[in-house]
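Some notes on the structure that comes next.
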Amino acid sequence: MHGYANPARFLKIARPATGWLLGIGLVLLLAGVVGGLAITPPDYLQGETVRILYIHVPAAWLGMAGWSGIAAAAISQLVWRHPLAAVAGRAIAPAGATFAALCLATGSIWGRPTWGTWWEWDGRLTSMLVLFFLYLGYIGLASAERERGGEGRMAALFGLVGAVNLPIIHYSVLWWRTLHQGQSISIAGGSTIAPELLWPLPLTMIGFTALFAAVTLMRMRTELARQKLEARLMRRAGE
């Protein structure tokens with residue numbers, strides 16, 4: 001991991017990787033969306049509303065995965081002092097917040113015909129809402145630290161503390177009586193979703209994940225370019 005601590009070495013890999021991830025993500029996402037909206041049959045219970053599954057599930061996964069990435073970056077910064085860790089955390093946060101918001105919005109739209117209400121203070125919904133607010137707090141704290149010229153240690157500590165919410169989100173449907181359905185896909189239990197409805201879901205999940213990674217790399221590259229420019233201006237100002 002420390003082999004990529006050098007920004008020049010990182011950028012040498014990140015530049016082509018961004019294009020590949022963006023292209024692969026768009027192709028898979030388009031295939032999954034077309035399959036989910038136009039090819040798969042309606043669910044025998046939920047009808048056409050089940051099609052929001054192909055957006056909602058990837059959004060939930062990436063909302064949680066994004067914070068996992070922030071926590072991993074925080075550990076790299078606090079323990080190994082990786083020079084790109086703070087940059088990675090700041091790059092991940094806006095994308096993670098976007099998908100957390102998308103998860104809440106699609107869940108609310110899905111819940112209206114299914115539960116008869118737009119919102120319920122359900123364990124899963126409430127803990128995901130908390131995650132969204134954690135993202136906003138992290139973005140604000142990281143931005144403030146950067147403006148003051150700090151190393152981002154407070155934001156890193158915030159990222160680690162906020163990771164406590166991830167198992168709460170995951171196990172909320174087991175710990176509390178909830179309107180939200182239980183886990184539909186697991187490694188041990190397989191899937192409870194009918195195969196004719198399931199096949200577009202991996203396409204949209206991988207597609208959205210690739211786009212998430214591409215956006216994160218683009219944001220990291222942008223911040224490194226800005227840091228390089230700021231350092232160059234400071235050197236010129238000191239001459």
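Quick note on naming: the chains in the structure tokens go A, B, ... in the order shown, residues restart at 1 in each chain, and ligands are numbered from 1 in order of appearance.
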
Point to revise | DSSP helix (DSSP H, G or I) residues within stretch 55-219 of chain A, as a ChimeraX atom specification | key: /A:55-80,85-115,123-147,153-162,165-175,195-198,200-219

Exercise for review: For A:Gly23, please output as an NGL selection string all residues within 10 Å (counting only C-alpha atoms; exclusion window: fewer than 3 positions along the same chain).
Suggested key: :A and (17-20 or 26-29 or 207 or 210-211 or 214)

Store the residues picked out above in a file with C-alpha atoms, as a PDB file, in the first residue's frame.
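Saved as selection-v8.pdb:
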ATOM      1  CA  ALA A  17      -8.104   3.332 -14.275  1.00  0.00           C
ATOM      2  CA  THR A  18     -10.579   6.222 -14.158  1.00  0.00           C
ATOM      3  CA  GLY A  19     -11.440   5.857 -17.837  1.00  0.00           C
ATOM      4  CA  TRP A  20     -11.759   2.087 -17.670  1.00  0.00           C
ATOM      5  CA  LEU A  26     -21.746   2.943 -17.764  1.00  0.00           C
ATOM      6  CA  VAL A  27     -22.052  -0.188 -19.933  1.00  0.00           C
ATOM      7  CA  LEU A  28     -23.035  -2.467 -17.047  1.00  0.00           C
ATOM      8  CA  LEU A  29     -25.385   0.094 -15.558  1.00  0.00           C
ATOM      9  CA  GLY A 207     -21.955  -0.760 -12.649  1.00  0.00           C
ATOM     10  CA  ALA A 210     -17.385   1.076 -10.896  1.00  0.00           C
ATOM     11  CA  LEU A 211     -18.840   4.578 -11.301  1.00  0.00           C
ATOM     12  CA  ALA A 214     -14.230   6.347 -11.025  1.00  0.00           C
TER      13      ALA A 214
END

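You will find atom CA of A:Leu37 at 23.6 Å from atom CA of A:Leu21.
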
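Look at A:Leu30: the protein and nucleic acid residues within 12 Å of it, using only C-alpha atoms and passing over chain neighbours fewer than 2 places away, are A:Gly23, A:Ile24, A:Gly25, A:Leu26, A:Val27, A:Leu28, A:Gly32, A:Val33, A:Val34, A:Gly35, A:Gly36, A:Leu37, A:Ala38, A:Tyr54, A:Ile55, A:Pro200, A:Leu201, A:Leu203, A:Thr204, A:Met205, A:Ile206, A:Gly207, A:Phe208, A:Leu211.
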
Now that the selection is made, can you save its residues with C-alpha atoms as a PDB file, in the first residue's frame?
ATOM      1  CA  GLY A  23     -16.638   2.971 -19.314  1.00  0.00           C
ATOM      2  CA  ILE A  24     -17.288  -0.390 -17.662  1.00  0.00           C
ATOM      3  CA  GLY A  25     -19.636   1.190 -15.138  1.00  0.00           C
ATOM      4  CA  LEU A  26     -21.746   2.943 -17.764  1.00  0.00           C
ATOM      5  CA  VAL A  27     -22.052  -0.188 -19.933  1.00  0.00           C
ATOM      6  CA  LEU A  28     -23.035  -2.467 -17.047  1.00  0.00           C
ATOM      7  CA  GLY A  32     -28.855  -3.611 -15.863  1.00  0.00           C
ATOM      8  CA  VAL A  33     -31.313  -0.718 -16.051  1.00  0.00           C
ATOM      9  CA  VAL A  34     -32.653  -1.795 -19.432  1.00  0.00           C
ATOM     10  CA  GLY A  35     -32.986  -5.378 -18.209  1.00  0.00           C
ATOM     11  CA  GLY A  36     -34.665  -4.341 -14.963  1.00  0.00           C
ATOM     12  CA  LEU A  37     -37.085  -1.862 -16.528  1.00  0.00           C
ATOM     13  CA  ALA A  38     -37.927  -3.512 -19.829  1.00  0.00           C
ATOM     14  CA  TYR A  54     -32.185  -2.253  -9.194  1.00  0.00           C
ATOM     15  CA  ILE A  55     -31.396   1.278  -7.951  1.00  0.00           C
ATOM     16  CA  PRO A 200     -30.109  -7.400 -13.661  1.00  0.00           C
ATOM     17  CA  LEU A 201     -29.205  -6.635 -10.029  1.00  0.00           C
ATOM     18  CA  LEU A 203     -25.160  -5.624 -13.355  1.00  0.00           C
ATOM     19  CA  THR A 204     -26.414  -2.448 -11.684  1.00  0.00           C
ATOM     20  CA  MET A 205     -24.476  -3.170  -8.485  1.00  0.00           C
ATOM     21  CA  ILE A 206     -21.172  -3.651 -10.313  1.00  0.00           C
ATOM     22  CA  GLY A 207     -21.955  -0.760 -12.649  1.00  0.00           C
ATOM     23  CA  PHE A 208     -22.704   1.687  -9.841  1.00  0.00           C
ATOM     24  CA  LEU A 211     -18.840   4.578 -11.301  1.00  0.00           C
TER      25      LEU A 211
END

Practice item. Tell me, as number ranges by chain, which residues lie within 12 Å of A:Gly140, counting only C-alpha atoms; anything in the same chain fewer than 6 positions away does not count. Key: A: 90, 93-94, 133-134, 146-147, 152, 154-155, 158

Exercise for review: Quick one: pull the distance between atom CA of A:Ala86 and atom CA of A:Val57, Å, one decimal.
Suggested key: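 Calculated distance between atom CA of A:Ala86 and atom CA of A:Val57 is 28.0 Å.
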
Review point. Using only C-alpha atoms, which of A:Leu102, A:Ala72, A:Met128, A:Ala97 sits nearest A:His170?
Key: A:Met128

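Straight-line separation from atom CA of A:Thr117 to atom CA of A:Ala60: 19.6 Å.
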
Point to revise | Nearest residue to A:Leu84 from the set A:Pro195, A:Pro7, A:Gly47, A:Gly63 (distances using only C-alpha atoms) | key: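 The shortest atom-to-atom distance to A:Leu84 comes from A:Pro7.
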
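Shortest separation to A:Leu78 among A:Asn165, A:Arg219, A:Ala91, A:Leu157 occurs at residue A:Leu157, atoms counted being only C-alpha atoms.
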
Point to revise | Every residue of chain A that DSSP places in strand (DSSP E), as a list in words | key: Ile185, Ser186, Gly190 and Ser191 of chain A

Review point. Restricting the calculation to only C-alpha atoms, which member of A:Glu196, A:Glu145, A:Asp122, A:Glu151 is positioned closest to A:Ile39?
Key: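 Closest candidate: A:Glu196.
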
Exercise for review: For A:Ala71, list every protein, DNA or RNA residue within 7 Å, evaluated using only C-alpha atoms, and leave out those in the same chain fewer than 6 positions away; present the list as a list in words.
Suggested key: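 Skipping anything fewer than 6 positions along the chain leaves Gly159, Leu160 and Ala163 of chain A.
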
Since we have the selection now, will you write its residues out, keeping C-alpha atoms, as an mmCIF file, in the first residue's frame?
data_model
loop_
_atom_site.group_PDB
_atom_site.id
_atom_site.type_symbol
_atom_site.label_atom_id
_atom_site.label_comp_id
_atom_site.auth_asym_id
_atom_site.auth_seq_id
_atom_site.Cartn_x
_atom_site.Cartn_y
_atom_site.Cartn_z
ATOM 1 C CA GLY A 159 -14.739 8.537 10.316
ATOM 2 C CA LEU A 160 -13.741 5.760 12.703
ATOM 3 C CA ALA A 163 -18.266 3.310 11.456
#

**Study point:** Nearest residue to A:Ala88 from the set A:Trp176, A:Phe10, A:Phe132, A:Tyr44 (distances using only C-alpha atoms)
**Key:**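 Of A:Trp176, A:Phe10, A:Phe132, A:Tyr44, the one nearest A:Ala88, counting only C-alpha atoms, is A:Phe10.
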